[in-house]
file coords.cif (mmCIF, C-alpha atoms)
data_protein
loop_
_atom_site.label_atom_id
_atom_site.label_comp_id
_atom_site.auth_asym_id
_atom_site.auth_seq_id
_atom_site.Cartn_x
_atom_site.Cartn_y
_atom_site.Cartn_z
CA MET L 210 -74.09 -0.50 -40.38
CA THR L 211 -74.80 0.13 -44.07
CA SER L 212 -74.35 3.51 -45.73
CA LYS L 213 -78.15 3.93 -45.74
CA GLY L 214 -78.21 3.33 -42.01
CA MET L 215 -75.43 5.83 -41.41
CA GLU L 216 -77.28 8.35 -43.56
CA LEU L 217 -80.43 7.83 -41.48
CA VAL L 218 -78.49 8.29 -38.22
CA GLY L 219 -76.87 11.51 -39.47
CA LEU L 220 -80.17 12.87 -40.80
CA MET L 221 -82.12 12.24 -37.58
CA ALA L 222 -79.31 13.43 -35.30
CA THR L 223 -79.06 16.69 -37.25
CA ARG L 224 -82.85 17.08 -37.34
CA TYR L 225 -83.13 16.73 -33.55
CA LEU L 226 -80.74 19.65 -33.02
CA TRP L 227 -82.74 22.12 -35.10
CA PRO L 228 -86.23 23.63 -34.63
CA GLY L 229 -89.15 21.65 -35.91
CA THR L 230 -91.53 22.55 -38.72
CA ARG L 231 -94.81 21.65 -37.03
CA GLY L 232 -96.46 25.05 -36.99
CA ASN L 233 -93.46 27.05 -35.73
CA ASN L 234 -89.73 27.21 -35.93
CA ARG L 235 -89.01 28.04 -32.31
CA LEU L 236 -86.37 26.15 -30.35
CA HIS L 237 -87.58 23.53 -27.90
CA TYR L 238 -86.28 23.71 -24.32
CA SER L 239 -84.01 20.72 -24.98
CA GLN L 240 -82.54 22.51 -27.98
CA TRP L 241 -81.95 25.63 -25.87
CA ILE L 242 -80.01 23.49 -23.40
CA SER L 243 -78.05 22.03 -26.31
CA LEU L 244 -77.25 25.55 -27.50
CA ILE L 245 -75.99 26.43 -24.02
CA SER L 246 -73.77 23.35 -24.08
CA LEU L 247 -72.44 24.35 -27.48
CA VAL L 248 -71.65 27.90 -26.29
CA GLY L 249 -69.93 26.58 -23.16
CA LEU L 250 -67.74 24.22 -25.18
CA ALA L 251 -66.94 26.98 -27.68
CA LEU L 252 -65.87 29.43 -24.99
CA GLY L 253 -63.79 26.80 -23.21
CA THR L 254 -62.10 25.80 -26.47
CA ALA L 255 -61.43 29.43 -27.40
CA ALA L 256 -59.90 30.03 -23.97
CA LEU L 257 -57.58 27.05 -24.50
CA VAL L 258 -56.46 28.41 -27.88
CA VAL L 259 -55.81 31.92 -26.57
CA VAL L 260 -54.03 30.90 -23.37
CA LEU L 261 -51.76 28.34 -25.03
CA SER L 262 -50.94 30.82 -27.80
CA VAL L 263 -50.03 33.46 -25.21
CA TYR L 264 -47.74 30.96 -23.45
CA ASN L 265 -46.10 30.22 -26.81
CA GLY L 266 -45.66 33.92 -27.48
CA LEU L 267 -44.16 34.61 -24.06
CA GLU L 268 -41.78 31.67 -24.53
CA GLU L 269 -40.65 32.95 -27.93
CA MET L 270 -40.27 36.50 -26.62
CA THR L 271 -38.24 35.40 -23.59
CA LEU L 272 -35.99 33.14 -25.64
CA GLY L 273 -35.52 35.96 -28.14
CA LEU L 274 -34.35 38.24 -25.36
CA PHE L 275 -31.94 35.62 -24.02
CA ASN L 276 -30.68 34.88 -27.54
CA LYS L 277 -29.31 38.42 -27.67
CA PHE L 278 -26.91 37.29 -24.94
CA ASN L 279 -26.52 33.57 -25.65
CA PRO L 280 -24.15 32.40 -28.41
CA GLU L 281 -25.19 30.05 -31.21
CA LEU L 282 -23.15 27.23 -29.64
CA LYS L 283 -21.58 26.92 -26.21
CA VAL L 284 -18.87 24.42 -25.23
CA GLN L 285 -18.62 23.54 -21.53
CA PRO L 286 -16.55 20.95 -19.64
CA LYS L 287 -18.26 17.60 -19.18
CA GLU L 288 -16.66 17.23 -15.76
CA GLY L 289 -15.48 19.96 -13.44
CA MET L 290 -15.84 23.72 -13.75
CA TYR L 291 -13.09 24.65 -16.21
CA LEU L 292 -11.70 23.49 -19.54
CA ASP L 293 -8.36 23.97 -21.27
CA ALA L 294 -8.97 26.84 -23.70
CA GLU L 295 -5.48 26.59 -25.21
CA TYR L 296 -6.19 22.98 -26.17
CA TRP L 297 -9.70 23.47 -27.54
CA ILE L 298 -9.69 26.86 -29.31
CA PRO L 299 -7.22 25.90 -32.12
CA ARG L 300 -9.11 22.64 -32.74
CA ILE L 301 -12.54 24.29 -32.77
CA ARG L 302 -11.37 26.94 -35.24
CA LYS L 303 -10.52 24.16 -37.72
CA VAL L 304 -14.08 22.79 -37.64
CA GLN L 305 -15.91 23.62 -40.85
CA GLY L 306 -18.58 26.28 -40.33
CA VAL L 307 -17.03 27.93 -37.26
CA GLN L 308 -16.53 31.66 -37.77
CA ALA L 309 -15.18 32.68 -34.36
CA VAL L 310 -14.68 31.24 -30.88
CA SER L 311 -14.22 33.11 -27.62
CA ALA L 312 -13.10 31.95 -24.17
CA THR L 313 -15.32 33.15 -21.31
CA LEU L 314 -15.49 32.73 -17.54
CA GLN L 315 -18.42 33.36 -15.19
CA SER L 316 -18.58 33.66 -11.40
CA ASN L 317 -20.68 35.07 -8.60
CA ALA L 318 -19.26 38.31 -7.22
CA LEU L 319 -19.95 41.24 -4.94
CA LEU L 320 -19.95 44.73 -6.41
CA ARG L 321 -19.38 47.75 -4.20
CA TYR L 322 -19.70 51.37 -5.34
CA GLN L 323 -19.68 54.42 -3.06
CA GLY L 324 -21.18 52.57 -0.11
CA LYS L 325 -23.74 50.62 -2.21
CA GLU L 326 -23.46 46.86 -2.73
CA ALA L 327 -25.02 44.34 -5.10
CA LEU L 328 -24.66 40.58 -5.61
CA ILE L 329 -23.92 40.09 -9.30
CA TRP L 330 -22.56 37.77 -11.97
CA THR L 331 -19.25 38.65 -13.58
CA LYS L 332 -18.38 37.42 -17.03
CA GLY L 333 -14.78 37.55 -18.22
CA VAL L 334 -14.35 37.69 -22.00
CA ASP L 335 -11.36 37.71 -24.32
CA GLY L 336 -10.62 39.86 -27.36
CA GLU L 337 -12.62 37.57 -29.70
CA TYR L 338 -15.87 38.08 -27.80
CA GLY L 339 -16.90 40.99 -30.01
CA LYS L 340 -17.06 38.58 -32.98
CA VAL L 341 -19.29 36.11 -31.12
CA LEU L 342 -21.71 38.61 -29.57
CA ASN L 343 -22.12 42.10 -30.97
CA LEU L 344 -21.85 43.61 -27.52
CA PRO L 345 -20.56 47.03 -28.71
CA ALA L 346 -23.77 47.48 -30.76
CA SER L 347 -25.77 47.17 -27.50
CA LEU L 348 -23.85 49.94 -25.74
CA LEU L 349 -25.84 52.91 -24.48
CA TRP L 350 -22.63 54.62 -23.44
CA PRO L 351 -20.13 55.60 -24.75
CA GLU L 352 -21.09 56.50 -28.29
CA SER L 353 -18.18 55.07 -30.24
CA ASP L 354 -17.46 52.98 -33.32
CA PRO L 355 -18.57 49.40 -32.42
CA ARG L 356 -15.93 47.92 -34.73
CA ASN L 357 -13.03 49.39 -32.76
CA PHE L 358 -14.49 49.41 -29.26
CA MET L 359 -13.32 45.98 -28.09
CA ALA L 360 -9.87 46.52 -29.60
CA GLN L 361 -9.49 49.76 -27.65
CA LEU L 362 -10.02 47.90 -24.37
CA GLN L 363 -7.32 45.28 -24.86
CA GLY L 364 -4.27 45.40 -22.60
CA LYS L 365 -5.95 47.07 -19.62
CA PRO L 366 -8.50 46.09 -16.94
CA TRP L 367 -12.00 47.22 -17.79
CA ALA L 368 -15.67 46.58 -16.99
CA LEU L 369 -19.00 46.97 -18.79
CA VAL L 370 -22.11 47.32 -16.64
CA GLY L 371 -25.75 46.56 -17.46
CA VAL L 372 -28.08 49.53 -17.62
CA GLY L 373 -30.31 48.16 -14.84
CA LEU L 374 -27.37 47.68 -12.49
CA ALA L 375 -25.99 51.13 -13.35
CA ASP L 376 -29.36 52.65 -12.50
CA GLN L 377 -29.58 50.68 -9.24
CA LEU L 378 -26.15 51.93 -8.09
CA ALA L 379 -26.63 55.47 -9.47
CA LEU L 380 -23.38 54.91 -11.33
CA GLU L 381 -21.42 57.97 -12.43
CA LEU L 382 -19.84 57.75 -15.87
CA GLY L 383 -16.85 59.39 -17.46
CA PRO L 384 -13.07 59.59 -17.01
CA ALA L 385 -13.41 61.32 -13.63
CA ALA L 386 -15.93 58.81 -12.22
CA ALA L 387 -14.98 56.61 -9.27
CA PRO L 388 -14.19 52.95 -10.13
CA ILE L 389 -16.36 50.03 -9.04
CA GLN L 390 -14.96 47.47 -6.60
CA ILE L 391 -15.36 43.81 -7.60
CA PHE L 392 -14.97 40.99 -5.01
CA LEU L 393 -14.33 37.53 -6.52
CA PRO L 394 -13.75 34.15 -4.81
CA ARG L 395 -10.22 32.77 -4.94
CA TYR L 396 -9.81 29.44 -6.74
CA GLY L 397 -8.59 26.59 -4.54
CA ILE L 398 -8.85 28.56 -1.27
CA SER L 399 -11.04 26.98 1.44
CA LEU L 400 -13.27 29.43 3.24
CA ASN L 401 -12.32 30.18 6.86
CA PRO L 402 -15.47 31.01 8.88
CA LEU L 403 -13.40 33.19 11.23
CA PHE L 404 -11.85 35.19 8.41
CA PRO L 405 -14.17 34.83 5.39
CA GLU L 406 -12.63 37.83 3.65
CA GLN L 407 -9.47 35.77 3.05
CA GLY L 408 -11.35 33.66 0.51
CA PHE L 409 -12.05 36.69 -1.69
CA ILE L 410 -9.98 39.20 -3.59
CA SER L 411 -11.05 42.65 -4.74
CA ARG L 412 -9.91 44.99 -7.47
CA PRO L 413 -11.09 48.42 -8.65
CA LEU L 414 -12.22 48.54 -12.25
CA LEU L 415 -13.08 51.53 -14.40
CA VAL L 416 -16.46 51.38 -16.09
CA GLU L 417 -15.83 51.71 -19.81
CA GLY L 418 -19.42 51.24 -21.00
CA VAL L 419 -23.08 50.59 -20.17
CA PHE L 420 -24.94 47.95 -22.22
CA ASP L 421 -28.60 47.03 -22.77
CA LEU L 422 -29.04 43.37 -23.72
CA GLN L 423 -31.79 41.66 -21.76
CA PRO L 424 -33.61 42.85 -18.59
CA GLU L 425 -32.28 40.10 -16.30
CA VAL L 426 -28.75 40.43 -17.68
CA ASN L 427 -28.92 44.21 -17.42
CA ARG L 428 -29.71 43.99 -13.70
CA GLN L 429 -27.19 41.31 -12.69
CA MET L 430 -24.21 41.20 -15.05
CA VAL L 431 -20.83 42.92 -15.21
CA VAL L 432 -18.62 42.05 -18.18
CA MET L 433 -14.87 42.38 -17.62
CA ASP L 434 -11.66 41.35 -19.33
CA LEU L 435 -10.81 37.66 -19.01
CA ASP L 436 -7.16 38.07 -18.01
CA SER L 437 -8.05 40.30 -15.04
CA MET L 438 -10.68 37.84 -13.88
CA ARG L 439 -8.30 34.87 -14.14
CA SER L 440 -5.64 36.79 -12.24
CA MET L 441 -8.04 37.74 -9.45
CA MET L 442 -9.35 34.19 -9.03
CA GLY L 443 -5.90 32.61 -9.22
CA LEU L 444 -6.61 30.54 -12.34
CA GLU L 445 -4.13 29.49 -14.99
CA LEU L 446 -4.17 31.62 -18.13
CA SER L 447 -5.28 28.58 -20.16
CA LYS L 448 -8.45 27.99 -18.12
CA ALA L 449 -11.95 29.03 -19.18
CA GLY L 450 -15.44 28.25 -17.98
CA SER L 451 -16.85 27.90 -21.49
CA LEU L 452 -16.13 28.57 -25.16
CA GLU L 453 -18.74 30.54 -27.09
CA ILE L 454 -19.01 29.97 -30.84
CA VAL L 455 -20.59 31.83 -33.74
CA CYS L 456 -21.10 29.95 -36.99
CA GLU L 457 -20.60 31.18 -40.51
CA ARG L 458 -23.65 32.68 -42.17
CA ASN L 459 -24.33 29.74 -44.50
CA ALA L 460 -23.36 27.03 -42.01
CA SER L 461 -25.86 24.89 -40.10
CA PRO L 462 -25.40 25.26 -36.32
CA GLN L 463 -26.68 21.71 -35.78
CA GLU L 464 -24.16 20.29 -38.24
CA VAL L 465 -21.35 22.26 -36.58
CA ARG L 466 -22.59 20.98 -33.22
CA ARG L 467 -22.42 17.36 -34.43
CA ASN L 468 -18.86 17.91 -35.66
CA LEU L 469 -17.87 19.38 -32.29
CA ILE L 470 -19.42 16.40 -30.49
CA ASP L 471 -17.37 14.08 -32.70
CA LEU L 472 -14.29 16.12 -31.84
CA SER L 473 -15.10 15.76 -28.15
CA GLU L 474 -15.53 11.99 -28.46
CA ALA L 475 -12.09 11.74 -30.08
CA ALA L 476 -10.47 13.62 -27.17
CA GLY L 477 -9.45 11.92 -23.95
CA SER L 478 -11.99 11.36 -21.21
CA SER L 479 -10.43 14.13 -19.12
CA LYS L 480 -10.90 16.68 -21.93
CA ARG L 481 -14.40 15.82 -23.14
CA VAL L 482 -16.87 18.67 -23.41
CA VAL L 483 -20.60 19.27 -23.77
CA VAL L 484 -21.87 21.27 -26.76
CA LYS L 485 -25.15 23.14 -26.31
CA ASP L 486 -27.24 25.05 -28.82
CA ARG L 487 -29.33 28.07 -27.83
CA LEU L 488 -32.34 26.03 -26.73
CA GLU L 489 -30.24 23.71 -24.58
CA GLN L 490 -28.58 26.71 -22.93
CA GLU L 491 -32.02 27.70 -21.61
CA SER L 492 -33.30 24.17 -20.94
CA VAL L 493 -34.46 25.03 -17.42
CA LEU L 494 -36.46 27.99 -18.69
CA LEU L 495 -38.04 25.85 -21.41
CA LYS L 496 -39.02 23.19 -18.87
CA VAL L 497 -40.66 25.83 -16.70
CA PHE L 498 -42.64 27.18 -19.65
CA ALA L 499 -43.67 23.69 -20.76
CA SER L 500 -44.74 22.74 -17.23
CA GLU L 501 -46.81 25.91 -16.74
CA LYS L 502 -48.32 25.60 -20.21
CA TRP L 503 -49.54 22.03 -19.82
CA TRP L 504 -50.72 22.50 -16.24
CA THR L 505 -52.78 25.42 -17.55
CA PHE L 506 -54.03 23.20 -20.37
CA ALA L 507 -55.12 20.59 -17.82
CA PHE L 508 -56.90 23.23 -15.70
CA LEU L 509 -58.77 24.68 -18.70
CA MET L 510 -59.66 21.17 -19.87
CA PHE L 511 -61.32 20.69 -16.49
CA ILE L 512 -63.44 23.75 -17.26
CA VAL L 513 -64.27 22.23 -20.65
CA ILE L 514 -65.29 19.03 -18.84
CA LEU L 515 -67.67 21.04 -16.65
CA ALA L 516 -69.16 22.63 -19.77
CA ALA L 517 -69.43 19.22 -21.44
CA MET L 518 -71.42 17.89 -18.47
CA ASN L 519 -74.31 19.96 -19.83
CA LEU L 520 -74.41 17.40 -22.62
CA ILE L 521 -75.85 14.88 -20.19
CA GLY L 522 -78.73 17.20 -19.33
CA SER L 523 -79.36 18.40 -22.90
CA LEU L 524 -79.33 14.90 -24.41
CA SER L 525 -81.46 13.51 -21.57
CA MET L 526 -84.04 16.25 -22.26
CA LEU L 527 -83.83 15.49 -25.97
CA VAL L 528 -84.51 11.80 -25.32
CA LEU L 529 -87.57 12.69 -23.21
CA GLN L 530 -88.82 15.03 -25.90
CA LYS L 531 -88.50 12.37 -28.60
CA ARG L 532 -90.19 9.47 -26.77
CA SER L 533 -92.96 9.34 -29.36
CA ASP L 534 -90.37 9.17 -32.14
CA ILE L 535 -88.66 6.32 -30.31
CA GLU L 536 -91.92 4.38 -30.20
CA VAL L 537 -92.47 4.95 -33.91
CA LEU L 538 -88.96 3.71 -34.63
CA GLY L 539 -89.69 0.67 -32.48
CA VAL L 540 -92.76 -0.10 -34.56
CA LEU L 541 -90.66 0.17 -37.68
CA GLY L 542 -88.20 -2.38 -36.26
CA ALA L 543 -85.42 -0.13 -35.01
CA ARG L 544 -82.91 -1.80 -32.73
CA PRO L 545 -81.50 -0.27 -29.52
CA ASP L 546 -78.06 0.30 -31.07
CA LEU L 547 -79.68 2.50 -33.76
CA LEU L 548 -81.18 4.78 -31.09
CA ARG L 549 -77.88 4.97 -29.27
CA LYS L 550 -76.14 6.00 -32.46
CA ILE L 551 -78.77 8.65 -33.24
CA PHE L 552 -78.56 10.39 -29.88
CA TRP L 553 -74.81 9.88 -29.62
CA GLY L 554 -74.55 11.50 -33.07
CA ALA L 555 -76.65 14.42 -31.81
CA GLY L 556 -74.30 14.83 -28.87
CA MET L 557 -71.22 14.68 -31.09
CA GLY L 558 -72.84 17.28 -33.34
CA ILE L 559 -72.97 19.64 -30.36
CA VAL L 560 -69.38 18.82 -29.43
CA THR L 561 -68.05 19.22 -32.97
CA ALA L 562 -69.88 22.50 -33.53
CA GLY L 563 -68.66 23.84 -30.16
CA ALA L 564 -65.06 22.74 -30.73
CA VAL L 565 -64.84 24.13 -34.28
CA THR L 566 -66.51 27.40 -33.24
CA GLY L 567 -64.12 27.73 -30.32
CA LEU L 568 -61.07 27.01 -32.47
CA VAL L 569 -62.13 29.60 -35.02
CA LEU L 570 -62.96 32.17 -32.34
CA GLY L 571 -59.66 31.61 -30.53
CA ALA L 572 -57.68 31.79 -33.78
CA VAL L 573 -59.42 35.03 -34.77
CA LEU L 574 -58.63 36.58 -31.38
CA CYS L 575 -54.96 35.56 -31.70
CA VAL L 576 -54.68 36.96 -35.23
CA ALA L 577 -56.38 40.18 -34.08
CA GLN L 578 -53.88 40.47 -31.22
CA GLU L 579 -50.99 40.02 -33.64
CA GLU L 580 -52.33 42.59 -36.06
CA TRP L 581 -53.76 45.27 -33.77
CA SER L 582 -52.19 44.64 -30.31
CA LEU L 583 -55.54 44.55 -28.49
CA VAL L 584 -53.92 43.77 -25.11
CA THR L 585 -50.64 45.35 -24.02
CA PHE L 586 -48.31 45.19 -21.04
CA PRO L 587 -48.61 47.94 -18.42
CA VAL L 588 -46.73 51.05 -19.49
CA SER L 589 -44.54 50.87 -16.39
CA ALA L 590 -43.31 47.36 -17.20
CA ASN L 591 -39.64 47.20 -18.13
CA LEU L 592 -40.15 45.25 -21.32
CA GLN L 593 -39.05 45.88 -24.87
CA VAL L 594 -42.32 44.57 -26.37
CA LEU L 595 -45.48 46.38 -25.33
CA ALA L 596 -48.09 44.07 -26.87
CA TYR L 597 -48.78 40.67 -25.35
CA PRO L 598 -47.13 38.21 -27.75
CA VAL L 599 -49.10 35.31 -29.20
CA ASP L 600 -47.92 32.39 -31.29
CA LEU L 601 -50.67 30.25 -32.82
CA ARG L 602 -49.39 26.71 -33.42
CA GLY L 603 -51.10 23.97 -35.40
CA PHE L 604 -49.97 21.26 -32.96
CA ASP L 605 -51.79 23.06 -30.13
CA LEU L 606 -54.96 23.37 -32.21
CA LEU L 607 -54.85 19.66 -33.00
CA GLY L 608 -54.28 18.76 -29.34
CA ILE L 609 -57.19 20.97 -28.24
CA LEU L 610 -59.49 19.46 -30.87
CA VAL L 611 -58.58 15.92 -29.83
CA GLY L 612 -58.97 16.72 -26.12
CA VAL L 613 -62.37 18.42 -26.48
CA THR L 614 -63.63 15.68 -28.80
CA ALA L 615 -62.53 12.95 -26.38
CA VAL L 616 -64.40 14.67 -23.56
CA GLY L 617 -67.49 14.96 -25.76
CA VAL L 618 -67.36 11.29 -26.76
CA ILE L 619 -67.46 10.25 -23.10
CA PHE L 620 -70.22 12.59 -21.97
CA ALA L 621 -72.42 12.01 -25.04
CA TRP L 622 -72.31 8.24 -24.59
CA PHE L 623 -74.12 7.99 -21.24
CA PRO L 624 -77.47 9.64 -22.19
CA ALA L 625 -77.32 8.02 -25.64
CA ARG L 626 -76.99 4.63 -23.98
CA ARG L 627 -80.03 5.29 -21.81
CA SER L 628 -82.16 6.21 -24.83
CA SER L 629 -82.50 2.54 -25.78
CA SER L 630 -84.24 1.83 -22.46
CA TYR L 631 -87.37 3.59 -23.73
CA LEU L 632 -87.43 1.28 -26.72
CA ASN L 633 -86.96 -1.79 -24.51
CA GLY L 634 -89.69 -0.63 -22.14
CA TRP L 635 -92.14 -0.03 -24.98
CA SER L 636 -91.32 -3.42 -26.47
CA GLY L 637 -92.00 -5.08 -23.12
CA ARG L 638 -95.47 -3.53 -22.86
CA GLU L 639 -96.29 -4.86 -26.24
#

call {"tool": "encode", "arguments": {"input": "coords.cif", "output": "structure tokens"}}
result
Amino acid sequence: MTSKGMELVGLMATRYLWPGTRGNNRLHYSQWISLISLVGLALGTAALVVVLSVYNGLEEMTLGLFNKFNPELKVQPKEGMYLDAEYWIPRIRKVQGVQAVSATLQSNALLRYQGKEALIWTKGVDGEYGKVLNLPASLLWPESDPRNFMAQLQGKPWALVGVGLADQLALELGPAAAPIQIFLPRYGISLNPLFPEQGFISRPLLVEGVFDLQPEVNRQMVVMDLDSMRSMMGLELSKAGSLEIVCERNASPQEVRRNLIDLSEAAGSSKRVVVKDRLEQESVLLKVFASEKWWTFAFLMFIVILAAMNLIGSLSMLVLQKRSDIEVLGVLGARPDLLRKIFWGAGMGIVTAGAVTGLVLGAVLCVAQEEWSLVTFPVSANLQVLAYPVDLRGFDLLGILVGVTAVGVIFAWFPARRSSSYLNGWSGRE
């Protein structure tokens, strides 16, 4: 079609969506239906923008909370449960960009305190852990110099308890407080169903501090010294579950990660390790967020599809209203494909206006939430951020625009295709 033809299609399609000038400027019933379709598409599009932005915000907030506990890089054995810390730590320290590396060990455990019990995670850490994670800065008790706190604990068994777990057990604090009892599984001991207690070993530990890192960690984690944990589990002093790494301030974690992977490839097959960045450490959580986000997107797109079905009714009414115009166009020599393009253009005008209005409305609501915290979490929720987080992303806006436009293209085509039948019928009578 020539540029003149395209200009005619655009002019007539736009004209059909606005009130006429024959004596009054009131909307025709077909135009009212078109307006309803536009509003429905706009609201559906705005809902998509807001909901996806909230999912993005919750994902960022959750990862931010976990990042307070997760190191920049984590080295884990590729096979088995433990790696040789004495072999790896000196080699990792020589990698350019590595500031500090700490050996850690995690295990399920049972905590018992004054008749109360809780299933927990224990994490054994060495003396370098304070350089990898600023755990002393997260202490609620005791109030001491964070720089010297970890050094003061070396050479004796100790435990740090999360604030949620301390509250659950009504833990008493101070030099005169009773110790907690930790039950850990013994390494290499098969469990006897008749005497299951033989597969575990217990030890009393004095609580030296209460930390506040992340709600889930606060409720389930006890941090203790690595040597005591190895001794209780019957592990060699060279064994560790993982090595946690902090990079130098100007170093790129991804570049350090690539160097560590190269170092792993050069080691023997029995010593190879897996290097994970912060996102990979929470890969399961990210998959859950992504799955929920796109299932929600699909559900809201279904609502948009229902709103777009009004296009069939509005364009069908518009075709009926403009039968006289169709006959005039037939007299002037218009072909059926011209009519289809005119009414399809009118439908796409509704879709485009609805999609753009919805995108703008959704973006404005997200910006308003960021600026003025219009919606907040319940006061009783145990969360550090009161306002619902939102994160408006351009990729989401583009995906929503493409999805809504694709739906509009499909639903605008059917009534536009039928419009040419009136021209064919009129031509037949002639």

call {"tool": "resolve_selection", "arguments": {"input": "coords.cif", "expression": "the PyMOL selection byres ((chain L and resi 334) around 9)", "output": "list in words"}}
result
Ser311, Ala312, Thr313, Leu314, Lys332, Gly333, Asp335, Gly336, Glu337, Tyr338, Val432, Met433, Asp434, Leu435, Asp436 and Met438 of chain L

call {"tool": "closest_residue", "arguments": {"input": "coords.cif", "among": "L:Ala256, L:Ile410, L:Leu452, L:Leu495", "to": "Tyr296 (chain L)", "atoms": "all atoms listed in the file"}}
result
L:Leu452

call {"tool": "closest_residue", "arguments": {"input": "coords.cif", "among": "L:Ser628, L:Ser246, L:Thr585, L:Ser492", "to": "Leu548 (chain L)", "atoms": "all atoms listed in the file"}}
result
L:Ser628

call {"tool": "resolve_selection", "arguments": {"input": "coords.cif", "expression": "the PyMOL selection byres ((chain L and resi 300) around 12)", "output": "list in words"}}
result
Asp293, Ala294, Glu295, Tyr296, Trp297, Ile298, Pro299, Ile301, Arg302, Lys303, Val304, Gln305, Val307, Ala309, Val310, Leu452, Asn468, Leu469, Asp471, Leu472, Ser473, Ala475 and Ala476 of chain L

call {"tool": "resolve_selection", "arguments": {"input": "coords.cif", "expression": "the PyMOL selection byres ((chain L and resi 355-371) around 7)", "output": "list of chain:residue names"}}
result
L:Gly336, L:Gly339, L:Pro345, L:Ala346, L:Ser353, L:Asp354, L:Val372, L:Gly373, L:Leu374, L:Ala375, L:Leu414, L:Leu415, L:Val416, L:Glu417, L:Gly418, L:Val419, L:Phe420, L:Asp421, L:Val426, L:Asn427, L:Arg428, L:Met430, L:Val431, L:Val432, L:Met433, L:Asp434, L:Ser437

call {"tool": "residues_around", "arguments": {"input": "coords.cif", "residues": "region 521-523 of chain L", "least_positions_apart": "4", "cutoff": "12 Å", "atoms": "all atoms listed in the file", "output": "compact mmCIF listing (two decimals) with C-alpha atoms, in the frame of the given file"}}
result
# COMPACT_ATOMS: atom_id res chain seq x y z
CA TYR L 225 -83.13 16.73 -33.55
CA LEU L 226 -80.74 19.65 -33.02
CA HIS L 237 -87.58 23.53 -27.90
CA TYR L 238 -86.28 23.71 -24.32
CA SER L 239 -84.01 20.72 -24.98
CA GLN L 240 -82.54 22.51 -27.98
CA TRP L 241 -81.95 25.63 -25.87
CA ILE L 242 -80.01 23.49 -23.40
CA SER L 243 -78.05 22.03 -26.31
CA LEU L 244 -77.25 25.55 -27.50
CA ILE L 245 -75.99 26.43 -24.02
CA SER L 246 -73.77 23.35 -24.08
CA LEU L 247 -72.44 24.35 -27.48
CA ILE L 514 -65.29 19.03 -18.84
CA LEU L 515 -67.67 21.04 -16.65
CA ALA L 516 -69.16 22.63 -19.77
CA ALA L 517 -69.43 19.22 -21.44
CA LEU L 527 -83.83 15.49 -25.97
CA VAL L 528 -84.51 11.80 -25.32
CA LEU L 529 -87.57 12.69 -23.21
CA GLN L 530 -88.82 15.03 -25.90
CA PHE L 552 -78.56 10.39 -29.88
CA TRP L 553 -74.81 9.88 -29.62
CA ALA L 555 -76.65 14.42 -31.81
CA GLY L 556 -74.30 14.83 -28.87
CA MET L 557 -71.22 14.68 -31.09
CA ILE L 559 -72.97 19.64 -30.36
CA VAL L 560 -69.38 18.82 -29.43
CA VAL L 616 -64.40 14.67 -23.56
CA GLY L 617 -67.49 14.96 -25.76
CA VAL L 618 -67.36 11.29 -26.76
CA ILE L 619 -67.46 10.25 -23.10
CA PHE L 620 -70.22 12.59 -21.97
CA ALA L 621 -72.42 12.01 -25.04
CA TRP L 622 -72.31 8.24 -24.59
CA PHE L 623 -74.12 7.99 -21.24
CA PRO L 624 -77.47 9.64 -22.19
CA ALA L 625 -77.32 8.02 -25.64
CA ARG L 626 -76.99 4.63 -23.98
CA ARG L 627 -80.03 5.29 -21.81
CA SER L 628 -82.16 6.21 -24.83

call {"tool": "atom_distance", "arguments": {"input": "coords.cif", "atom1": "CA of Met441 (chain L)", "atom2": "CA of Ser411 (chain L)"}}
result
7.4 Å

call {"tool": "residues_around", "arguments": {"input": "coords.cif", "residues": "Leu488 (chain L)", "least_positions_apart": "2", "cutoff": "12 Å", "atoms": "all atoms listed in the file", "output": "list in words"}}
result
Glu268, Glu269, Thr271, Leu272, Gly273, Phe275, Asn276, Asn279, Pro280, Glu281, Leu282, Lys283, Pro462, Gln463, Val484, Lys485, Asp486, Gln490, Glu491, Ser492, Val493, Leu494, Leu495 and Lys496 of chain L
